[in-house]
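Q: So here's work.txt (compact mmCIF, C-alpha atoms).
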# COMPACT_ATOMS: atom_id res chain seq x y z
CA MET X 862 -2.50 -1.45 -25.82
CA ASP X 863 0.22 1.11 -26.56
CA LEU X 864 2.39 2.67 -23.88
CA GLU X 865 0.80 6.12 -24.00
CA LYS X 866 -2.70 4.67 -23.58
CA ARG X 867 -1.56 2.60 -20.59
CA MET X 868 0.16 5.64 -19.05
CA SER X 869 -2.90 7.85 -19.43
CA LEU X 870 -5.21 5.19 -17.94
CA ILE X 871 -3.01 4.94 -14.86
CA LEU X 872 -2.49 8.69 -14.51
CA ARG X 873 -6.10 9.82 -14.82
CA ASN X 874 -7.82 10.96 -11.63
CA THR X 875 -4.69 10.66 -9.54
CA GLU X 876 -3.19 13.24 -7.23
CA GLU X 877 0.39 12.03 -7.26
CA ILE X 878 2.60 9.43 -8.95
CA VAL X 879 5.95 8.53 -7.37
CA THR X 880 7.49 8.66 -9.89
CA GLN X 881 6.12 9.02 -13.40
CA GLU X 882 9.55 8.23 -14.86
CA GLU X 883 9.75 4.96 -12.92
CA LEU X 884 6.22 4.06 -14.01
CA ARG X 885 7.14 4.62 -17.65
CA VAL X 886 10.24 2.43 -17.37
CA LEU X 887 8.17 -0.28 -15.66
CA LEU X 888 5.56 -0.28 -18.43
CA GLU X 889 8.27 -0.32 -21.10
CA THR X 890 9.97 -3.34 -19.58
CA ASN X 891 7.07 -5.34 -18.15
CA THR X 892 3.85 -6.22 -19.96
CA ARG X 893 2.26 -7.78 -16.88
CA PRO X 894 3.42 -5.83 -13.80
CA LYS X 895 1.89 -6.43 -10.39
CA ALA X 896 -0.04 -3.88 -8.34
CA TYR X 897 -2.24 -3.76 -5.26
CA TRP X 898 -4.58 -1.68 -3.17
CA GLY X 899 -4.86 -2.44 0.55
CA PHE X 900 -8.10 -1.99 2.49
CA GLU X 901 -8.53 -1.78 6.19
CA SER X 902 -11.84 -3.21 7.39
CA SER X 903 -13.94 -0.69 9.21
CA GLY X 904 -17.66 -0.33 9.70
CA MET M 870 -17.83 5.95 -1.45
CA GLY M 871 -14.25 7.05 -0.70
CA ILE M 872 -13.19 3.45 -0.18
CA GLY M 873 -15.55 2.05 -2.83
CA LEU M 874 -15.88 3.95 -6.06
CA VAL M 875 -12.65 5.96 -6.14
CA PRO M 876 -10.41 2.90 -5.62
CA GLY M 877 -12.80 0.81 -7.72
CA SER M 878 -12.39 2.92 -10.82
CA LYS M 879 -8.60 3.23 -10.38
CA MET M 880 -8.27 -0.55 -9.91
CA LYS M 881 -10.25 -1.06 -13.12
CA ASP M 882 -7.90 1.36 -14.92
CA MET M 883 -4.88 -0.62 -13.68
CA ILE M 884 -6.38 -3.94 -14.75
CA GLU M 885 -7.20 -2.51 -18.16
CA ALA M 886 -3.62 -1.22 -18.45
CA GLY M 887 -2.41 -4.82 -18.13
CA PHE M 888 -1.66 -5.11 -14.42
CA GLU M 889 -2.00 -8.27 -12.39
CA PHE M 890 -3.99 -6.78 -9.53
CA ILE M 891 -4.29 -7.76 -5.88
CA VAL M 892 -7.12 -6.46 -3.72
CA PHE M 893 -5.55 -6.76 -0.30
CA LEU M 894 -7.91 -7.16 2.65
CA ALA M 895 -5.81 -6.03 5.58
CA ASP M 896 -7.32 -7.98 8.44
CA TRP M 897 -4.26 -7.89 10.71
CA HIS M 898 -3.81 -4.15 10.12
CA SER M 899 -7.46 -3.53 11.05
CA TRP M 900 -6.95 -5.58 14.19
CA ILE M 901 -3.91 -3.46 15.14
CA ASN M 902 -5.94 -0.30 14.46
CA ASN M 903 -8.77 -1.55 16.71
CA LYS M 904 -11.31 -1.45 13.90
CA LEU M 905 -14.70 -3.06 14.53
CA GLY M 906 -13.88 -3.55 18.19
CA GLY M 907 -10.56 -5.15 17.25
CA MET M 908 -12.48 -8.41 16.74
CA MET M 909 -11.07 -10.54 13.94
CA GLU M 910 -14.45 -12.14 13.21
CA ASN M 911 -16.06 -8.75 12.52
CA ILE M 912 -13.05 -7.60 10.54
CA ARG M 913 -13.31 -10.70 8.31
CA THR M 914 -17.03 -10.07 7.76
CA CYS M 915 -16.27 -6.52 6.68
CA GLY M 916 -13.55 -7.80 4.32
CA GLU M 917 -16.03 -10.21 2.75
CA TYR M 918 -18.47 -7.30 2.36
CA PHE M 919 -15.75 -5.26 0.58
CA LYS M 920 -15.03 -8.18 -1.72
CA GLU M 921 -18.72 -8.37 -2.66
CA CYS M 922 -18.93 -4.60 -3.24
CA PHE M 923 -15.89 -4.59 -5.54
CA THR M 924 -17.12 -7.68 -7.36
CA ALA M 925 -20.45 -5.92 -8.01
CA LEU M 926 -18.59 -2.81 -9.18
CA GLY M 927 -16.81 -4.80 -11.89
CA ILE M 928 -13.78 -6.36 -10.15
CA PRO M 929 -14.70 -10.03 -9.71
CA PRO M 930 -12.14 -12.61 -8.47
CA SER M 931 -11.62 -13.60 -12.11
CA LYS M 932 -10.11 -10.15 -12.79
CA ALA M 933 -8.25 -9.51 -9.53
CA LYS M 934 -6.80 -11.68 -6.80
CA TYR M 935 -8.26 -11.16 -3.33
CA LEU M 936 -5.73 -11.74 -0.55
CA TRP M 937 -5.86 -11.28 3.22
CA THR M 938 -2.99 -10.24 5.48
CA SER M 939 -3.61 -13.60 7.19
CA ASP M 940 -2.63 -15.34 3.93
CA ILE M 941 0.80 -13.73 3.69
CA ALA M 942 1.45 -13.47 7.46
CA LYS M 943 1.69 -17.27 7.65
CA ASP M 944 5.08 -17.03 6.03
CA ILE M 945 8.00 -16.45 8.42
CA GLU M 946 9.78 -14.49 5.66
CA TYR M 947 7.04 -11.89 5.91
CA TRP M 948 7.93 -11.21 9.54
CA GLU M 949 11.60 -11.12 8.69
CA LYS M 950 10.79 -8.31 6.22
CA VAL M 951 8.77 -6.47 8.88
CA ILE M 952 11.79 -6.49 11.19
CA ARG M 953 14.25 -5.57 8.43
CA ILE M 954 12.10 -2.55 7.52
CA ALA M 955 11.70 -1.59 11.18
CA LYS M 956 15.50 -1.61 11.49
CA THR M 957 15.88 0.92 8.64
CA ALA M 958 13.61 3.59 10.15
CA SER M 959 13.65 5.65 13.33
CA LEU M 960 10.71 5.35 15.69
CA GLN M 961 9.84 8.97 14.94
CA ARG M 962 9.68 8.26 11.21
CA THR M 963 7.53 5.15 11.64
CA TRP M 964 5.21 7.01 14.00
CA ARG M 965 4.67 9.75 11.40
CA ALA M 966 3.67 7.13 8.83
CA LEU M 967 0.87 5.83 11.04
CA PRO M 968 -2.65 6.40 9.80
CA ILE M 969 -3.87 6.65 13.40
CA MET M 970 -1.59 9.59 13.93
CA GLY M 971 -3.19 12.99 14.26
CA ARG M 972 -4.33 13.42 17.78
CA GLU M 973 -1.93 14.62 20.36
CA MET M 974 -1.23 11.63 22.50
CA SER M 975 0.90 10.82 25.42
CA LEU M 976 3.22 7.84 25.27
CA ALA M 977 1.12 6.17 27.96
CA ASP M 978 -1.92 6.08 25.62
CA MET M 979 -0.14 4.62 22.61
CA GLU M 980 -0.21 0.94 21.87
CA THR M 981 3.15 -0.60 21.05
CA ALA M 982 1.34 -2.63 18.38
CA TRP M 983 0.70 0.54 16.35
CA VAL M 984 4.33 0.89 15.26
CA TYR M 985 4.09 -2.49 13.54
CA TYR M 986 1.43 -1.07 11.25
CA PRO M 987 3.56 1.00 8.82
CA CYS M 988 6.30 -1.64 8.88
CA MET M 989 3.77 -4.33 7.94
CA GLN M 990 2.25 -2.05 5.30
CA ALA M 991 5.69 -1.72 3.74
CA ALA M 992 6.43 -5.44 4.13
CA ASP M 993 3.14 -6.30 2.34
CA ILE M 994 4.50 -4.61 -0.79
CA PHE M 995 7.75 -6.61 -0.81
CA GLN M 996 6.21 -9.90 0.29
CA MET M 997 3.73 -9.79 -2.62
CA GLU M 998 6.56 -8.66 -4.95
CA LEU M 999 4.57 -5.66 -6.16
CA ASP M 1000 5.72 -3.20 -8.79
CA VAL M 1001 3.08 -0.59 -7.96
CA ALA M 1002 1.29 0.34 -4.73
CA CYS M 1003 -2.02 2.21 -5.06
CA ALA M 1004 -3.77 4.09 -2.26
CA GLY M 1005 -5.42 7.34 -1.26
CA MET M 1006 -3.24 10.33 -0.41
CA ASP M 1007 -3.53 9.57 3.32
CA GLN M 1008 -1.30 6.52 2.84
CA ARG M 1009 1.57 8.28 1.11
CA LYS M 1010 3.85 8.36 4.16
CA ALA M 1011 3.73 4.59 4.61
CA HIS M 1012 4.59 4.25 0.92
CA MET M 1013 7.50 6.66 1.27
CA LEU M 1014 8.71 4.56 4.19
CA ALA M 1015 8.55 1.50 1.92
CA ARG M 1016 10.51 3.29 -0.81
CA ASP M 1017 13.20 4.44 1.60
CA ALA M 1018 13.46 0.96 3.12
CA ALA M 1019 13.77 -0.49 -0.39
CA GLU M 1020 16.64 1.87 -1.13
CA LYS M 1021 18.46 0.93 2.08
CA LEU M 1022 17.87 -2.81 1.71
CA SER M 1023 18.50 -2.88 -2.06
CA TRP M 1024 15.00 -4.18 -2.70
CA ARG M 1025 12.86 -3.19 -5.67
CA LYS M 1026 11.34 0.25 -5.11
CA PRO M 1027 7.57 0.32 -5.64
CA VAL M 1028 6.03 2.98 -7.88
CA CYS M 1029 3.23 4.70 -5.94
CA VAL M 1030 -0.11 5.78 -7.41
CA HIS M 1031 -2.07 8.06 -5.08
CA THR M 1032 -5.66 9.15 -5.59
CA PRO M 1033 -7.26 12.24 -4.06
CA LEU M 1034 -9.45 11.75 -1.00
CA LEU M 1035 -13.12 12.36 -1.42
CA MET M 1036 -14.29 15.10 0.91
CA GLY M 1037 -17.17 14.60 3.34
CA LEU M 1038 -20.60 15.95 2.42
CA GLN M 1039 -20.50 18.63 5.08
CA ARG M 1040 -18.87 22.01 4.88
CA PRO M 1041 -15.12 21.37 5.07
CA GLU M 1042 -13.45 22.67 8.20
CA PRO M 1043 -9.80 22.76 8.96
CA GLY M 1044 -9.58 19.61 11.05
CA GLU M 1045 -8.28 19.29 14.57
CA GLY M 1046 -5.73 16.69 13.62
CA GLN M 1047 -2.29 17.23 12.22
CA PHE M 1048 -1.93 14.52 9.60
CA ASP M 1049 0.57 16.05 7.24
CA GLU M 1050 2.96 18.98 7.22
CA ASP M 1051 1.50 20.07 3.87
CA THR M 1052 -1.55 22.27 4.64
CA LYS M 1053 -3.43 21.22 1.51
CA ILE M 1054 -2.94 17.50 2.14
CA ASN M 1055 -3.79 18.02 5.79
CA LEU M 1056 -7.15 19.65 4.97
CA GLN M 1057 -7.85 16.85 2.49
CA ILE M 1058 -7.23 14.15 5.09
CA SER M 1059 -9.06 15.86 7.94
CA SER M 1060 -12.17 16.61 5.86
CA LYS M 1061 -12.31 13.32 3.97
CA MET M 1062 -15.45 11.28 3.66
CA SER M 1063 -15.47 9.17 6.76
CA LYS M 1064 -17.45 6.10 7.60
CA SER M 1065 -17.40 7.14 11.24
CA VAL M 1066 -19.59 10.15 10.37
CA PRO M 1067 -22.44 8.43 8.48
CA THR M 1068 -24.14 11.63 7.28
CA SER M 1069 -20.84 12.78 5.71
CA CYS M 1070 -20.62 9.62 3.71
CA ILE M 1071 -22.52 7.73 1.03
CA PHE M 1072 -22.22 3.97 1.30
CA VAL M 1073 -22.09 1.98 -1.91
CA HIS M 1074 -25.02 -0.13 -0.65
CA ASP M 1075 -27.24 2.91 0.20
CA SER M 1076 -30.81 2.87 -1.12
CA PRO M 1077 -31.87 5.55 -3.63
CA GLU M 1078 -33.89 7.21 -0.82
CA THR M 1079 -30.86 7.35 1.48
CA ILE M 1080 -28.64 8.68 -1.30
CA LYS M 1081 -31.23 11.42 -1.92
CA LYS M 1082 -31.53 12.29 1.76
CA LYS M 1083 -27.76 12.57 2.21
CA ILE M 1084 -27.20 14.61 -0.95
CA ASP M 1085 -30.14 16.91 -0.17
CA ALA M 1086 -28.59 17.66 3.22
CA ALA M 1087 -25.08 18.16 1.84
CA TYR M 1088 -23.15 21.39 1.72
CA CYS M 1089 -23.25 22.86 -1.80
CA PRO M 1090 -22.29 26.55 -1.96
CA PRO M 1091 -23.79 28.24 -5.06
CA GLU M 1092 -21.44 29.23 -7.89
CA GLN M 1093 -18.45 27.85 -5.97
CA ALA M 1094 -16.35 24.92 -7.12
CA ILE M 1095 -13.61 24.82 -4.50
CA GLY M 1096 -14.58 23.04 -1.31
CA ASN M 1097 -17.90 21.93 -2.82
CA PRO M 1098 -18.50 18.25 -1.95
CA ILE M 1099 -21.23 17.79 -4.56
CA LEU M 1100 -19.03 19.03 -7.40
CA GLU M 1101 -16.27 16.81 -5.98
CA LEU M 1102 -18.59 13.83 -6.28
CA ALA M 1103 -19.40 14.84 -9.85
CA LYS M 1104 -15.72 15.10 -10.72
CA ARG M 1105 -14.24 12.16 -8.80
CA VAL M 1106 -17.03 9.64 -9.02
CA VAL M 1107 -19.76 10.39 -11.54
CA PHE M 1108 -17.64 11.52 -14.48
CA THR M 1109 -15.11 8.72 -13.98
CA GLU M 1110 -17.93 6.20 -14.38
CA LYS M 1111 -20.04 8.00 -16.98
CA LYS M 1112 -19.13 9.83 -20.19
CA SER M 1113 -22.00 12.29 -19.88
CA VAL M 1114 -24.56 13.30 -17.30
CA GLU M 1115 -28.06 14.54 -17.93
CA ILE M 1116 -29.46 16.98 -15.41
CA GLN M 1117 -33.22 17.11 -15.50
CA ARG M 1118 -34.78 20.48 -14.85
CA PRO M 1119 -38.26 21.93 -15.30
CA VAL M 1120 -38.63 23.85 -18.57
CA LYS M 1121 -39.25 27.11 -16.71
CA TYR M 1122 -35.75 26.84 -15.22
CA GLY M 1123 -34.11 26.13 -18.55
CA GLY M 1124 -35.08 22.52 -19.20
CA SER M 1125 -32.90 19.40 -19.04
CA GLU M 1126 -29.28 19.69 -20.00
CA THR M 1127 -26.61 17.12 -20.82
CA PHE M 1128 -23.00 17.71 -19.81
CA GLY M 1129 -20.29 15.87 -21.71
CA SER M 1130 -17.50 16.53 -19.24
CA TYR M 1131 -16.93 17.64 -15.67
CA LYS M 1132 -15.36 20.88 -16.94
CA GLU M 1133 -18.58 21.82 -18.78
CA LEU M 1134 -20.63 21.12 -15.67
CA GLU M 1135 -18.34 23.13 -13.41
CA LYS M 1136 -18.34 26.05 -15.83
CA ALA M 1137 -22.14 26.19 -15.93
CA TYR M 1138 -22.34 25.91 -12.14
CA VAL M 1139 -19.76 28.60 -11.38
CA LYS M 1140 -21.50 30.97 -13.84
CA GLY M 1141 -24.75 30.45 -11.99
CA ASN M 1142 -26.39 28.68 -14.94
CA LEU M 1143 -26.98 25.58 -12.86
CA HIS M 1144 -28.77 25.81 -9.51
CA PRO M 1145 -27.41 23.78 -6.54
CA LEU M 1146 -30.74 21.97 -6.26
CA ASP M 1147 -30.67 20.88 -9.90
CA LEU M 1148 -27.03 19.80 -9.54
CA LYS M 1149 -27.95 17.75 -6.46
CA ASN M 1150 -30.90 16.10 -8.20
CA GLY M 1151 -28.69 15.21 -11.15
CA MET M 1152 -26.05 13.67 -8.88
CA VAL M 1153 -28.65 11.67 -6.94
CA GLU M 1154 -29.86 10.19 -10.21
CA ALA M 1155 -26.36 9.45 -11.53
CA LEU M 1156 -25.14 7.85 -8.27
CA THR M 1157 -28.29 5.78 -7.94
CA GLU M 1158 -27.63 4.39 -11.39
CA ILE M 1159 -23.88 3.80 -10.81
CA LEU M 1160 -24.56 1.93 -7.56
CA ARG M 1161 -27.38 -0.20 -8.97
CA PRO M 1162 -25.23 -3.37 -9.32
CA VAL M 1163 -24.20 -3.15 -5.65
CA ARG M 1164 -27.83 -2.81 -4.50
CA GLU M 1165 -28.87 -5.69 -6.73
CA HIS M 1166 -26.09 -7.88 -5.40
CA PHE M 1167 -27.04 -7.30 -1.76
CA HIS M 1168 -30.71 -7.71 -2.58
CA ASN M 1169 -29.90 -11.23 -3.76
CA HIS M 1170 -27.12 -11.97 -1.22
CA PRO M 1171 -27.96 -10.02 1.93
CA LYS M 1172 -25.94 -12.10 4.42
CA ASN M 1173 -22.76 -10.05 4.86
CA LEU M 1174 -24.46 -6.67 4.48
CA LYS M 1175 -26.93 -7.70 7.20
CA LYS M 1176 -24.04 -8.71 9.47
CA MET M 1177 -22.35 -5.37 8.78
CA MET M 1178 -25.51 -3.45 9.66
CA GLU M 1179 -25.75 -5.36 12.94
CA LEU M 1180 -22.15 -4.45 13.73
CA GLU M 1181 -23.03 -0.80 13.12
CA ILE M 1182 -25.98 -0.94 15.51
CA THR M 1183 -24.10 -2.64 18.32
CA ARG M 1184 -21.13 -0.33 18.04
Could you spell out this file's structure in structure tokens?

A:
Amino acid sequence: MDLEKRMSLILRNTEEIVTQEELRVLLETNTRPKAYWGFESSG
Amino acid sequence: MGIGLVPGSKMKDMIEAGFEFIVFLADWHSWINNKLGGMMENIRTCGEYFKECFTALGIPPSKAKYLWTSDIAKDIEYWEKVIRIAKTASLQRTWRALPIMGREMSLADMETAWVYYPCMQAADIFQMELDVACAGMDQRKAHMLARDAAEKLSWRKPVCVHTPLLMGLQRPEPGEGQFDEDTKINLQISSKMSKSVPTSCIFVHDSPETIKKKIDAAYCPPEQAIGNPILELAKRVVFTEKKSVEIQRPVKYGGSETFGSYKELEKAYVKGNLHPLDLKNGMVEALTEILRPVREHFHNHPKNLKKMMELEITR
């Protein structure tokens, strides 16, 4: 997948990216970066 | 919905964009925050329920790694990071990054354990060696704390991806709490869809009848897009999962219509060409379809959902 496609997938439906420039550099230099989402359990 | 479908679709985007993804079930954090009576057993049940929901929504353990705080908290290096981060930030700064913050509280009513929360949240990122941290907008302060700590400790700064918070189904009201200095973010956090107000919130396991009942009762001002929770659902949930949405309508009111984008739908609604009732019916149908895999999963594996329901009743 090309860089622009990866960028647009990540950016869509977001409110804020800190920072877009850093994200771009990350994608340029790392094909398999690591990400997470944390969830607090609550009923 | 706010913790299910919005994160679900963003996590799928990240996986598709080539990320190694961790779904982090924060059992210790929930314990600190006194969730589910502060009982670890209940918190674990809820975590298992989340794992099943996300799996049904297209993020099975083969596509993402599921990790608990308990898994990483076994390592003494984790706690060293917690302390190192705590040493970079003032107590005032850490306090502001707390998700529990909002109500005016006296020092006597605050638990000391709470200040560990943002420090652990930041340490999670470094312990798992993450490049990107994703969360809703209400978590941005903890992420900023992590970025500042990274700068001071010469650790790798995480990129942060923040999604908007889904508003509750009721009419939004400027909340009592002060969550953020930014008025817009503050309104978003205080009026977000909250599991503690069940009528404001659609659960991913809700039956089609319950979905209909909740949407029918929801606030949906005619010809108004801003502050309209039903249009929010259309934008943030339905159109991220579906390319087009058909709204069925009796012929005498113009007949069925298919919308190829959220913008088209909003335009028709604001012009008065789409009645709130028809919009609601269309959203009920779309959500019922999107959530079908979750219902089917719990129909076949009811154990953890049943336990969750019992926790709700005894609360």

Q: Once 8 Å is added on each side, what centre and edge lengths in Å to one decimal does the axis-aligned box around all listed atoms of range 951-960 of chain M have, as AutoDock Vina command-line options?

A:
--center_x 12.3 --center_y -0.4 --center_z 11.6 --size_x 23.1 --size_y 28.1 --size_z 24.2

Q: I'd like the contact shell of Asn1150 in chain M - 10 Å cut-off, only C-alpha atoms, skipping same-chain residues fewer than 3 positions apart - returned as a list in words.

A: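 Neighbouring residues, sequence-local ones excluded: Lys1081, Ile1084, Asp1085, Ile1116, Gln1117, Arg1118, Pro1145, Leu1146, Asp1147, Val1153, Glu1154 and Ala1155 of chain M.
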
Q: With all atoms listed in the file counted and 8 Å as the cut-off, give the residues of chain X in contact with chain M, each with its shortest interatomic distance in Å and the pair that gives it, as a tab-separated table.

A:
residue	atom	partner	partner_atom	distance
X:Met862	CA	M:Ala886	CA	7.5
X:Lys866	CA	M:Ala886	CA	7.9
X:Arg867	CA	M:Ala886	CA	4.8
X:Met868	CA	M:Ala886	CA	7.9
X:Leu870	CA	M:Asp882	CA	5.6
X:Ile871	CA	M:Met883	CA	6.0
X:Asn874	CA	M:Thr1032	CA	6.7
X:Thr875	CA	M:Thr1032	CA	4.3
X:Glu876	CA	M:Thr1032	CA	5.1
X:Glu877	CA	M:His1031	CA	5.2
X:Ile878	CA	M:Val1030	CA	4.8
X:Val879	CA	M:Cys1029	CA	4.9
X:Thr880	CA	M:Val1028	CA	6.2
X:Glu883	CA	M:Val1028	CA	6.6
X:Leu884	CA	M:Val1028	CA	6.2
X:Leu887	CA	M:Asp1000	CA	7.9
X:Thr892	CA	M:Gly887	CA	6.7
X:Arg893	CA	M:Phe888	CA	5.3
X:Pro894	CA	M:Phe888	CA	5.2
X:Lys895	CA	M:Glu889	CA	4.7
X:Ala896	CA	M:Val1001	CA	4.6
X:Tyr897	CA	M:Ile891	CA	4.5
X:Trp898	CA	M:Cys1003	CA	5.0
X:Gly899	CA	M:Phe893	CA	4.5
X:Phe900	CA	M:Leu894	CA	5.2
X:Glu901	CA	M:Ala895	CA	5.1
X:Ser902	CA	M:Ile912	CA	5.5
X:Ser903	CA	M:Lys904	CA	5.4
X:Gly904	CA	M:Leu905	CA	6.3

Q: Rounded to one decimal, what separation in Å do you get between CA of Val886 in chain X and CA of Ala1019 in chain M?

A: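 Computed distance, CA of Val886 in chain X to CA of Ala1019 in chain M, equals 17.6 Å.
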
Q: Please provide as a PDB file with C-alpha atoms, keeping the file's coordinate frame all residues within 10 Å of Ala1011 in chain M, with the sequence filter that same-chain residues fewer than 2 positions apart are discarded (counting all atoms listed in the file).

A:
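Wrote part14.pdb, looks like this:
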ATOM      1  CA  ARG M 962       9.680   8.260  11.210  1.00  0.00           C
ATOM      2  CA  THR M 963       7.530   5.150  11.640  1.00  0.00           C
ATOM      3  CA  TRP M 964       5.210   7.010  14.000  1.00  0.00           C
ATOM      4  CA  ARG M 965       4.670   9.750  11.400  1.00  0.00           C
ATOM      5  CA  ALA M 966       3.670   7.130   8.830  1.00  0.00           C
ATOM      6  CA  LEU M 967       0.870   5.830  11.040  1.00  0.00           C
ATOM      7  CA  PRO M 968      -2.650   6.400   9.800  1.00  0.00           C
ATOM      8  CA  TYR M 986       1.430  -1.070  11.250  1.00  0.00           C
ATOM      9  CA  PRO M 987       3.560   1.000   8.820  1.00  0.00           C
ATOM     10  CA  CYS M 988       6.300  -1.640   8.880  1.00  0.00           C
ATOM     11  CA  MET M 989       3.770  -4.330   7.940  1.00  0.00           C
ATOM     12  CA  GLN M 990       2.250  -2.050   5.300  1.00  0.00           C
ATOM     13  CA  ALA M 991       5.690  -1.720   3.740  1.00  0.00           C
ATOM     14  CA  ASP M1007      -3.530   9.570   3.320  1.00  0.00           C
ATOM     15  CA  GLN M1008      -1.300   6.520   2.840  1.00  0.00           C
ATOM     16  CA  ARG M1009       1.570   8.280   1.110  1.00  0.00           C
ATOM     17  CA  MET M1013       7.500   6.660   1.270  1.00  0.00           C
ATOM     18  CA  LEU M1014       8.710   4.560   4.190  1.00  0.00           C
ATOM     19  CA  ALA M1015       8.550   1.500   1.920  1.00  0.00           C
ATOM     20  CA  ARG M1016      10.510   3.290  -0.810  1.00  0.00           C
ATOM     21  CA  ASP M1017      13.200   4.440   1.600  1.00  0.00           C
TER      22      ASP M1017
END

Q: Show me, as a PDB file with C-alpha atoms, keeping the file's coordinate frame, the residues that have an atom within 9 Å of Phe923 in chain M when counting only C-alpha atoms, minus same-chain residues fewer than 3 positions from it.

A:
ATOM      1  CA  GLY M 873     -15.550   2.050  -2.830  1.00  0.00           C
ATOM      2  CA  LEU M 874     -15.880   3.950  -6.060  1.00  0.00           C
ATOM      3  CA  GLY M 877     -12.800   0.810  -7.720  1.00  0.00           C
ATOM      4  CA  TYR M 918     -18.470  -7.300   2.360  1.00  0.00           C
ATOM      5  CA  PHE M 919     -15.750  -5.260   0.580  1.00  0.00           C
ATOM      6  CA  LYS M 920     -15.030  -8.180  -1.720  1.00  0.00           C
ATOM      7  CA  LEU M 926     -18.590  -2.810  -9.180  1.00  0.00           C
ATOM      8  CA  GLY M 927     -16.810  -4.800 -11.890  1.00  0.00           C
ATOM      9  CA  ILE M 928     -13.780  -6.360 -10.150  1.00  0.00           C
ATOM     10  CA  PRO M 929     -14.700 -10.030  -9.710  1.00  0.00           C
ATOM     11  CA  VAL M1163     -24.200  -3.150  -5.650  1.00  0.00           C
TER      12      VAL M1163
END

Q: What lies within 7 Å of range 1134-1142 of chain M using all atoms listed in the file, ignoring chain neighbours under 3 positions off, as a VMD selection string?

A: chain M and resid 1092 to 1094 1128 1130 to 1131

Q: Mind giving me the straight-line distance from CA of Pro1171 in chain M to CA of Ala925 in chain M in Å, one decimal?

A: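 Rounded to one decimal, the two atoms are 13.1 Å apart.
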